[in-house]
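Have a look at model_19.cif below; it lists mmCIF, C-alpha atoms; chains and numbers go by the auth columns.
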```
data_upload
#
loop_
_atom_site.group_PDB
_atom_site.id
_atom_site.type_symbol
_atom_site.label_atom_id
_atom_site.label_comp_id
_atom_site.label_asym_id
_atom_site.label_seq_id
_atom_site.Cartn_x
_atom_site.Cartn_y
_atom_site.Cartn_z
_atom_site.B_iso_or_equiv
_atom_site.auth_seq_id
_atom_site.auth_asym_id
ATOM 1 C CA MET A 1 11.371 -8.657 -7.881 0.00 1 R
ATOM 2 C CA MET A 2 10.172 -6.501 -5.010 0.00 2 R
ATOM 3 C CA CYS A 3 7.262 -7.006 -2.699 0.00 3 R
ATOM 4 C CA VAL A 4 5.228 -4.908 -0.275 0.00 4 R
ATOM 5 C CA GLU A 5 3.520 -6.811 2.522 0.00 5 R
ATOM 6 C CA TYR A 6 0.504 -5.303 4.285 0.00 6 R
ATOM 7 C CA VAL A 7 -0.041 -6.325 7.909 0.00 7 R
ATOM 8 C CA LYS A 8 -2.396 -5.333 10.692 0.00 8 R
ATOM 9 C CA ASP A 9 0.344 -5.310 13.341 0.00 9 R
ATOM 10 C CA LYS A 10 4.034 -4.879 12.518 0.00 10 R
ATOM 11 C CA ALA A 11 5.170 -6.491 15.753 0.00 11 R
ATOM 12 C CA THR A 12 3.190 -9.715 15.321 0.00 12 R
ATOM 13 C CA ARG A 13 3.008 -9.556 11.497 0.00 13 R
ATOM 14 C CA GLU A 14 -0.689 -10.403 11.763 0.00 14 R
ATOM 15 C CA CYS A 15 -2.310 -10.038 8.347 0.00 15 R
ATOM 16 C CA LEU A 16 -5.223 -7.766 7.617 0.00 16 R
ATOM 17 C CA PRO A 17 -8.526 -9.593 7.016 0.00 17 R
ATOM 18 C CA ASP A 18 -8.829 -11.031 3.497 0.00 18 R
ATOM 19 C CA SER A 19 -12.201 -9.311 3.214 0.00 19 R
ATOM 20 C CA LEU A 20 -10.438 -5.916 2.970 0.00 20 R
ATOM 21 C CA ASN A 21 -8.764 -7.022 -0.274 0.00 21 R
ATOM 22 C CA ILE A 22 -5.964 -4.599 0.596 0.00 22 R
ATOM 23 C CA SER A 23 -3.461 -5.568 -2.098 0.00 23 R
ATOM 24 C CA ARG A 24 -6.097 -5.413 -4.863 0.00 24 R
ATOM 25 C CA ARG A 25 -7.279 -1.985 -3.685 0.00 25 R
ATOM 26 C CA ILE A 26 -3.728 -0.620 -3.624 0.00 26 R
ATOM 27 C CA SER A 27 -2.773 -2.193 -6.954 0.00 27 R
ATOM 28 C CA THR A 28 -5.861 -0.672 -8.595 0.00 28 R
ATOM 29 C CA ARG A 29 -4.879 2.767 -7.308 0.00 29 R
ATOM 30 C CA CYS A 30 -1.261 2.241 -8.423 0.00 30 R
ATOM 31 C CA GLU A 31 -2.462 1.371 -11.908 0.00 31 R
ATOM 32 C CA ALA A 32 -4.597 4.535 -12.008 0.00 32 R
ATOM 33 C CA HIS A 33 -1.381 6.476 -11.326 0.00 33 R
ATOM 34 C CA GLY A 34 0.627 4.596 -13.978 0.00 34 R
ATOM 35 C CA LEU A 35 2.360 1.883 -11.926 0.00 35 R
ATOM 36 C CA LEU A 36 1.633 -1.804 -12.497 0.00 36 R
ATOM 37 C CA VAL A 37 1.838 -4.085 -9.472 0.00 37 R
ATOM 38 C CA ARG A 38 0.634 -7.652 -9.038 0.00 38 R
ATOM 39 C CA PRO A 39 -1.658 -8.291 -6.054 0.00 39 R
ATOM 40 C CA ILE A 40 -1.132 -11.701 -4.455 0.00 40 R
ATOM 41 C CA GLY A 41 -2.935 -12.271 -1.155 0.00 41 R
ATOM 42 C CA HIS A 42 -1.789 -9.552 1.245 0.00 42 R
ATOM 43 C CA LEU A 43 1.201 -8.697 -0.960 0.00 43 R
ATOM 44 C CA ASP A 44 1.830 -6.420 -3.909 0.00 44 R
ATOM 45 C CA VAL A 45 4.616 -7.700 -6.132 0.00 45 R
ATOM 46 C CA LEU A 46 6.608 -5.435 -8.438 0.00 46 R
ATOM 47 C CA SER A 47 8.964 -6.491 -11.216 0.00 47 R
ATOM 48 C CA PRO A 48 11.000 -3.396 -12.022 0.00 48 R
ATOM 49 C CA PRO A 49 13.857 -3.359 -14.522 0.00 49 R
ATOM 50 C CA LEU A 50 17.260 -4.420 -13.210 0.00 50 R
ATOM 51 C CA THR A 51 18.619 -0.945 -13.868 0.00 51 R
ATOM 52 C CA MET A 52 16.615 2.028 -12.687 0.00 52 R
ATOM 53 C CA THR A 53 17.340 5.728 -12.561 0.00 53 R
ATOM 54 C CA ARG A 54 16.787 7.755 -9.423 0.00 54 R
ATOM 55 C CA ALA A 55 13.705 9.223 -11.126 0.00 55 R
ATOM 56 C CA ASP A 56 12.351 5.701 -11.751 0.00 56 R
ATOM 57 C CA VAL A 57 12.820 4.744 -8.093 0.00 57 R
ATOM 58 C CA ASP A 58 11.217 8.013 -6.957 0.00 58 R
ATOM 59 C CA PHE A 59 8.224 7.304 -9.219 0.00 59 R
ATOM 60 C CA VAL A 60 7.730 3.774 -7.863 0.00 60 R
ATOM 61 C CA VAL A 61 8.082 4.787 -4.219 0.00 61 R
ATOM 62 C CA GLY A 62 6.007 7.951 -4.617 0.00 62 R
ATOM 63 C CA THR A 63 3.221 6.166 -6.460 0.00 63 R
ATOM 64 C CA LEU A 64 3.085 3.382 -3.872 0.00 64 R
ATOM 65 C CA GLU A 65 2.910 5.963 -1.090 0.00 65 R
ATOM 66 C CA ILE A 66 0.035 7.812 -2.779 0.00 66 R
ATOM 67 C CA ALA A 67 -1.870 4.569 -3.427 0.00 67 R
ATOM 68 C CA ILE A 68 -1.378 3.345 0.141 0.00 68 R
ATOM 69 C CA ARG A 69 -2.473 6.689 1.627 0.00 69 R
ATOM 70 C CA GLU A 70 -5.568 6.784 -0.607 0.00 70 R
ATOM 71 C CA THR A 71 -6.467 3.217 0.348 0.00 71 R
ATOM 72 C CA VAL A 72 -5.960 3.836 4.081 0.00 72 R
ATOM 73 C CA ASP A 73 -8.152 6.935 3.835 0.00 73 R
ATOM 74 C CA GLU A 74 -10.840 4.945 2.008 0.00 74 R
ATOM 75 C CA LEU A 75 -10.756 2.086 4.533 0.00 75 R
ATOM 76 C CA THR A 76 -10.872 4.561 7.418 0.00 76 R
ATOM 77 C CA ARG A 77 -13.938 6.272 5.916 0.00 77 R
ATOM 78 C CA GLU A 78 -15.579 2.851 5.490 0.00 78 R
ATOM 79 C CA GLY A 79 -14.867 2.091 9.152 0.00 79 R
ATOM 80 C CA ALA A 80 -12.670 -0.887 8.265 0.00 80 R
ATOM 81 C CA LEU A 81 -9.601 0.727 9.862 0.00 81 R
ATOM 82 C CA ARG A 82 -9.643 2.647 13.093 0.00 82 R
ATOM 83 C CA THR A 83 -7.535 5.688 13.741 0.00 83 R
ATOM 84 C CA PRO A 84 -5.396 5.193 16.852 0.00 84 R
ATOM 85 C CA ALA A 85 -6.529 6.898 20.069 0.00 85 R
ATOM 86 C CA THR A 86 -3.944 9.627 19.459 0.00 86 R
ATOM 87 C CA GLY A 87 -6.080 10.803 16.548 0.00 87 R
ATOM 88 C CA ARG A 88 -3.136 10.527 14.178 0.00 88 R
ATOM 89 C CA ASN A 89 -3.316 8.686 10.899 0.00 89 R
ATOM 90 C CA ARG A 90 -1.632 5.287 10.714 0.00 90 R
ATOM 91 C CA LEU A 91 0.864 6.674 8.186 0.00 91 R
ATOM 92 C CA PRO A 92 3.267 9.545 8.835 0.00 92 R
ATOM 93 C CA PRO A 93 2.215 12.909 7.364 0.00 93 R
ATOM 94 C CA GLU A 94 3.141 13.744 3.796 0.00 94 R
#
```
Please render this file's structure as structure tokens.
Amino acid sequence: MMCVEYVKDKATRECLPDSLNISRRISTRCEAHGLLVRPIGHLDVLSPPLTMTRADVDFVVGTLEIAIRETVDELTREGALRTPATGRNRLPPE
């Protein structure tokens, strides 16, 4: 099993507010792109096969990245996430 944990602050590991429903939003976007993940609280759990090709790993990682970027963009537009004062997005550029 693998898990992705979403936090508000990496240093303190403070969770994002439950009201954002971050893991459900990301899992829904993953599913739209063909990847099934299980949202549990502020986590997304994946159960990949024990043996994976490089292409399989690239698909999982790439799909998660797309879903996370789309969700961050959506939450930023909704005003739920603020862009840092630098004006840069919270995620590195594609």
Can you spell out as number ranges by chain the set of residues that the PyMOL selection byres ((chain R and resi 64) around 12) selects in the structure I just provided? R: 3-4, 23, 25-37, 44-46, 57-63, 65-71
Starting from the shown file, work through the PyMOL selection byres ((chain R and resi 48) around 9) and note down what comes out as a ChimeraX atom specification. /R:1-2,46-47,49-52,60
Within 12 Å of R:Asp18, counting only C-alpha atoms, which residues show up once you throw out same-chain ones fewer than 5 positions away? Write them as a ChimeraX atom specification, please. /R:6-8,23-25,40-43,80
Point-to-point distance in Å for atom CA of R:Glu5 and atom CA of R:Thr53: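 Atom CA of R:Glu5 lies 24.0 Å from atom CA of R:Thr53.
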Can you measure atom CA of R:Pro39 to atom CA of R:Ala55 for me? One decimal in Å is fine.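 It comes out at 23.8 Å.
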As AutoDock Vina command-line options, please report the centre and edge lengths, rounded to one decimal in Å, of the axis-aligned box that holds all listed atoms of stretch 37-41 of chain R with 4 Å of padding on each of the six sides.
```
--center_x -0.5 --center_y -8.2 --center_z -5.3 --size_x 12.8 --size_y 16.2 --size_z 16.3
```
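From atom CA of R:Ser19 back to atom CA of R:Arg82, the distance works out to 15.7 Å.
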